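Structure record follows, encoded as C-alpha cells.
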Amino acid sequence: MNILPRTGWAFLLALTSLIEGGTRSCISTARAEPLPLIRAVGCVGLTVSDADRSADFYARLLSFEKTAEIEQAGEPIEQLEGVFGARTRTVRVRLGRECLDLTEYLAPRGRPAPADARSNDRWFQHVAIVVSDMDRAYAALRSARVEHASTGPQRLPDWNPNAGGIRAFYFRDPDRHVLEVLQFPRGKGDARWQAADYRDVLGLHVAGTSENWGTEQEHLNNVFGARLRITTLRGAAGPGVELLEYLAPRDGRPMPADERANDLIHWQTTLFTSDLASAARVLRGASVSLPDARLGYSHAFLARDPDGHVLQLVSE
C-alpha cells in the first residue's frame, strides 16, 4: 500500500561539493570548447544490495512505480562501470516524470557505506522528494518506522529570503541512502510542485541560490554548525541538481579514491546529450556501446565532476 500521496511529486538530486576543491576531475574546465548543451537530466542511479527489497520500499512507501528491469554482464558493462566480472540487475522505478535506477551487483559485491558517514562528506548524495503536506508525509514515514537522518522535520526560518518557509526532513532507505521529503511554500520551487562546471561545461542553467545556516539547518543535516551555500541547476527537463557546499564545518571527507560502482555509496546521474562524441572528447571519456537498450539508451560513458561524483552521459 502506498502511504504517501502520489499527486504533485517530483524530485531533486543533491550533491555535497567542495566547489573550489577536488582533484579527481575528468571534466575539462577549459572554456574554449564548451560541451554541447545537455538536453535533459535523466534517471538518478544508485547501487543497492537487494534490488527487489529497494524497489518494494520505493513503491510501498513513496509511490514509485516499477517500469523496467534488466540484467547485464559482459565486456560493455565492465568497461562502462570499471568493475571486472560485473553482473548487474537494474530495476527502474518512476515517480511522475522522474526515475531512479536501482542497481544490484550480483557479482562482484561491493562495500557497504561507512557507518560514520555524514552529510558534509563529499560522497554524500541524496534525492529530495517534493510533497504537498509535510505533516502527513512525516506521520506516514514514522508509521513505517523509517530510520531518521534528521532529528525531525525542520522549517527553515523566514529571515532567509531564498529558503524561508521550506520544510524538510531526511530519512534513510534500506541501504541507508539518504532521502529527503521537501515541502515548498507558495512562490518557491518549480511551479509544477505548487499545483561552476555544471553550468559552464555541461550547459545546465542556474535556477536558484541560497545560503542556509542556523539551528534548523543543523538539525536537518545533523551536522553541528552547518552553514551551506546551495546552488540549484536544471536542464530543459528532468530533476534539478543541487550542489551543497559546506562553508562550515570544512572537515567533510573527500570521495574515497578507490570508490567503485559496486560500492553502496555509489550514485550516478544520467545526462542526455545530442552529441555524445563531442561530449566524450570534451570530458575525456570513451563511449561504450551497450548491447541492451531497454533502459532507453544504447551508448554511454562515465565522467566524474571535481569532487568525484559520477555523471553518465548518454545518447538515446
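Just remember, in the C-alpha cells the first chain shown is A, the second B, etc., residues are 1-based per chain, and ligands are 1-based in the order shown.
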Interface rows for range 39-70 of chain A against range 302-316 of chain A: nearest pair, Å to one decimal, 10 Å, only C-alpha atoms, as a Markdown table:
| residue | atom | partner | partner_atom | distance |
| --- | --- | --- | --- | --- |
| A:Val41 | CA | A:Leu313 | CA | 9.5 |
| A:Gly42 | CA | A:Val314 | CA | 9.3 |
| A:Cys43 | CA | A:Gln312 | CA | 9.7 |
| A:Val44 | CA | A:Gln312 | CA | 9.5 |
| A:Gly45 | CA | A:Gln312 | CA | 9.2 |
Write the residues you've just listed into a file as a compact mmCIF listing (two decimals), in the first residue's frame, and include C-alpha atoms for each of them.
# COMPACT_ATOMS: atom_id res chain seq x y z
CA VAL A 41 18.70 15.27 -16.73
CA GLY A 42 17.66 11.63 -16.71
CA CYS A 43 17.40 8.91 -14.09
CA VAL A 44 19.42 9.02 -10.89
CA GLY A 45 21.25 5.72 -10.36
Distance query Val48 in chain A at most 9 Å, only C-alpha atoms, self and fewer than 5 positions along chain excluded, as a PyMOL selection string: chain A and resi 54+102-105+174-175+177+262-266
Atom-to-atom span, CA of Leu271 in chain A and CA of Arg284 in chain A, Å: 15.8 Å
If we count only C-alpha atoms, what is near range 88-92 of chain A at a cut-off of 10 Å, once residues fewer than 3 positions away on the same chain are taken out, given as JSON, numbers by chain? {"A": [43, 44, 45, 46, 47, 48, 50, 51, 52, 54, 55, 64, 65, 66, 67, 68, 69, 70, 71, 72, 73, 74, 77, 78, 85, 99, 100, 101, 102, 103, 104, 105, 106, 107, 108, 109, 262, 295]}
Output the selection as an mmCIF file, in the first residue's frame - N, CA and C atoms for each residue.
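Result file is part.cif:
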data_model
loop_
_atom_site.group_PDB
_atom_site.id
_atom_site.type_symbol
_atom_site.label_atom_id
_atom_site.label_comp_id
_atom_site.auth_asym_id
_atom_site.auth_seq_id
_atom_site.Cartn_x
_atom_site.Cartn_y
_atom_site.Cartn_z
ATOM 1 N N CYS A 43 17.553 9.658 -15.334
ATOM 2 C CA CYS A 43 17.401 8.912 -14.087
ATOM 3 C C CYS A 43 18.610 9.101 -13.175
ATOM 4 N N VAL A 44 18.362 9.044 -11.897
ATOM 5 C CA VAL A 44 19.419 9.015 -10.891
ATOM 6 C C VAL A 44 19.660 7.554 -10.529
ATOM 7 N N GLY A 45 20.917 7.111 -10.646
ATOM 8 C CA GLY A 45 21.247 5.718 -10.361
ATOM 9 C C GLY A 45 21.924 5.579 -9.022
ATOM 10 N N LEU A 46 21.577 4.532 -8.282
ATOM 11 C CA LEU A 46 22.256 4.241 -7.029
ATOM 12 C C LEU A 46 22.422 2.740 -6.878
ATOM 13 N N THR A 47 23.530 2.364 -6.276
ATOM 14 C CA THR A 47 23.845 0.954 -6.066
ATOM 15 C C THR A 47 23.179 0.473 -4.789
ATOM 16 N N VAL A 48 22.491 -0.662 -4.876
ATOM 17 C CA VAL A 48 21.749 -1.212 -3.744
ATOM 18 C C VAL A 48 22.203 -2.647 -3.515
ATOM 19 N N ASP A 50 20.038 -5.153 -2.600
ATOM 20 C CA ASP A 50 18.957 -6.066 -2.989
ATOM 21 C C ASP A 50 17.937 -5.250 -3.783
ATOM 22 N N ALA A 51 17.931 -5.428 -5.095
ATOM 23 C CA ALA A 51 17.080 -4.608 -5.955
ATOM 24 C C ALA A 51 15.596 -4.819 -5.664
ATOM 25 N N ASP A 52 15.195 -6.050 -5.358
ATOM 26 C CA ASP A 52 13.785 -6.294 -5.066
ATOM 27 C C ASP A 52 13.362 -5.586 -3.782
ATOM 28 N N SER A 54 14.717 -2.940 -2.399
ATOM 29 C CA SER A 54 14.708 -1.498 -2.609
ATOM 30 C C SER A 54 13.512 -1.064 -3.443
ATOM 31 N N ALA A 55 13.208 -1.812 -4.511
ATOM 32 C CA ALA A 55 12.068 -1.460 -5.355
ATOM 33 C C ALA A 55 10.771 -1.508 -4.560
ATOM 34 N N PHE A 64 6.514 5.188 -5.945
ATOM 35 C CA PHE A 64 7.186 4.919 -7.210
ATOM 36 C C PHE A 64 6.545 3.707 -7.879
ATOM 37 N N GLU A 65 6.643 3.658 -9.214
ATOM 38 C CA GLU A 65 6.151 2.524 -9.982
ATOM 39 C C GLU A 65 7.303 1.876 -10.737
ATOM 40 N N LYS A 66 7.382 0.567 -10.694
ATOM 41 C CA LYS A 66 8.408 -0.163 -11.438
ATOM 42 C C LYS A 66 8.071 -0.114 -12.920
ATOM 43 N N THR A 67 9.049 0.309 -13.748
ATOM 44 C CA THR A 67 8.791 0.441 -15.185
ATOM 45 C C THR A 67 9.708 -0.402 -16.049
ATOM 46 N N ALA A 68 10.829 -0.890 -15.517
ATOM 47 C CA ALA A 68 11.750 -1.688 -16.330
ATOM 48 C C ALA A 68 12.651 -2.502 -15.424
ATOM 49 N N GLU A 69 13.193 -3.573 -15.967
ATOM 50 C CA GLU A 69 14.156 -4.413 -15.256
ATOM 51 C C GLU A 69 15.100 -5.006 -16.289
ATOM 52 N N ILE A 70 16.385 -5.036 -15.972
ATOM 53 C CA ILE A 70 17.375 -5.545 -16.919
ATOM 54 C C ILE A 70 18.530 -6.165 -16.143
ATOM 55 N N GLU A 71 19.062 -7.273 -16.660
ATOM 56 C CA GLU A 71 20.281 -7.882 -16.118
ATOM 57 C C GLU A 71 21.364 -7.766 -17.183
ATOM 58 N N GLN A 72 22.543 -7.316 -16.785
ATOM 59 C CA GLN A 72 23.633 -7.087 -17.716
ATOM 60 C C GLN A 72 24.914 -7.749 -17.227
ATOM 61 N N ALA A 73 25.704 -8.241 -18.190
ATOM 62 C CA ALA A 73 27.009 -8.822 -17.893
ATOM 63 C C ALA A 73 27.833 -8.759 -19.173
ATOM 64 N N GLY A 74 29.132 -8.879 -19.038
ATOM 65 C CA GLY A 74 29.994 -8.884 -20.207
ATOM 66 C C GLY A 74 30.846 -7.636 -20.309
ATOM 67 N N ILE A 77 29.486 -3.638 -20.079
ATOM 68 C CA ILE A 77 29.154 -3.103 -18.761
ATOM 69 C C ILE A 77 30.403 -3.037 -17.888
ATOM 70 N N GLU A 78 31.336 -3.974 -18.063
ATOM 71 C CA GLU A 78 32.602 -3.917 -17.326
ATOM 72 C C GLU A 78 33.379 -2.664 -17.690
ATOM 73 N N GLY A 85 34.295 -8.399 -14.270
ATOM 74 C CA GLY A 85 33.420 -9.518 -13.918
ATOM 75 C C GLY A 85 32.047 -9.086 -13.461
ATOM 76 N N CYS A 99 12.855 9.381 -12.456
ATOM 77 C CA CYS A 99 13.071 7.961 -12.216
ATOM 78 C C CYS A 99 14.378 7.714 -11.478
ATOM 79 N N LEU A 100 14.429 6.563 -10.829
ATOM 80 C CA LEU A 100 15.624 6.047 -10.183
ATOM 81 C C LEU A 100 15.986 4.715 -10.823
ATOM 82 N N ASP A 101 17.281 4.470 -11.008
ATOM 83 C CA ASP A 101 17.783 3.166 -11.419
ATOM 84 C C ASP A 101 18.450 2.517 -10.216
ATOM 85 N N LEU A 102 17.851 1.442 -9.712
ATOM 86 C CA LEU A 102 18.339 0.723 -8.535
ATOM 87 C C LEU A 102 19.150 -0.467 -9.031
ATOM 88 N N THR A 103 20.471 -0.396 -8.891
ATOM 89 C CA THR A 103 21.349 -1.415 -9.470
ATOM 90 C C THR A 103 21.973 -2.267 -8.380
ATOM 91 N N GLU A 104 21.695 -3.565 -8.461
ATOM 92 C CA GLU A 104 22.304 -4.553 -7.563
ATOM 93 C C GLU A 104 23.429 -5.256 -8.305
ATOM 94 N N TYR A 105 24.611 -5.303 -7.698
ATOM 95 C CA TYR A 105 25.726 -6.057 -8.275
ATOM 96 C C TYR A 105 25.632 -7.491 -7.764
ATOM 97 N N LEU A 106 25.166 -8.376 -8.669
ATOM 98 C CA LEU A 106 25.133 -9.794 -8.328
ATOM 99 C C LEU A 106 26.549 -10.320 -8.178
ATOM 100 N N ALA A 107 27.478 -9.755 -8.955
ATOM 101 C CA ALA A 107 28.903 -10.056 -8.835
ATOM 102 C C ALA A 107 29.679 -8.907 -9.473
ATOM 103 N N PRO A 108 30.818 -8.550 -8.901
ATOM 104 C CA PRO A 108 31.211 -8.834 -7.518
ATOM 105 C C PRO A 108 30.504 -7.876 -6.571
ATOM 106 N N ARG A 109 30.266 -8.329 -5.360
ATOM 107 C CA ARG A 109 29.643 -7.481 -4.353
ATOM 108 C C ARG A 109 30.612 -6.381 -3.941
ATOM 109 N N ASN A 262 30.237 -0.731 -7.680
ATOM 110 C CA ASN A 262 29.508 -1.722 -6.890
ATOM 111 C C ASN A 262 29.505 -1.410 -5.398
ATOM 112 N N LEU A 295 16.859 0.241 -21.069
ATOM 113 C CA LEU A 295 16.811 1.381 -20.167
ATOM 114 C C LEU A 295 16.731 2.699 -20.926
#
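Take the candidates A:Phe84, A:Phe272, A:Tyr297, A:Tyr138 and check each one against Gly235 in chain A using only C-alpha atoms; the shortest distance goes to A:Phe272.
Of the residues under consideration (A:Asn221, A:Gln268, A:Ser298, A:Ser274), A:Asn221 shows the shortest atom-to-atom contact distance to Asn120 in chain A when counting only C-alpha atoms.
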Could you check which of A:Arg122, A:Arg155, A:Arg97, A:Arg227 is closest to Met255 in chain A, using only C-alpha atoms?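 Among the listed residues, A:Arg122 lies closest to Met255 in chain A.
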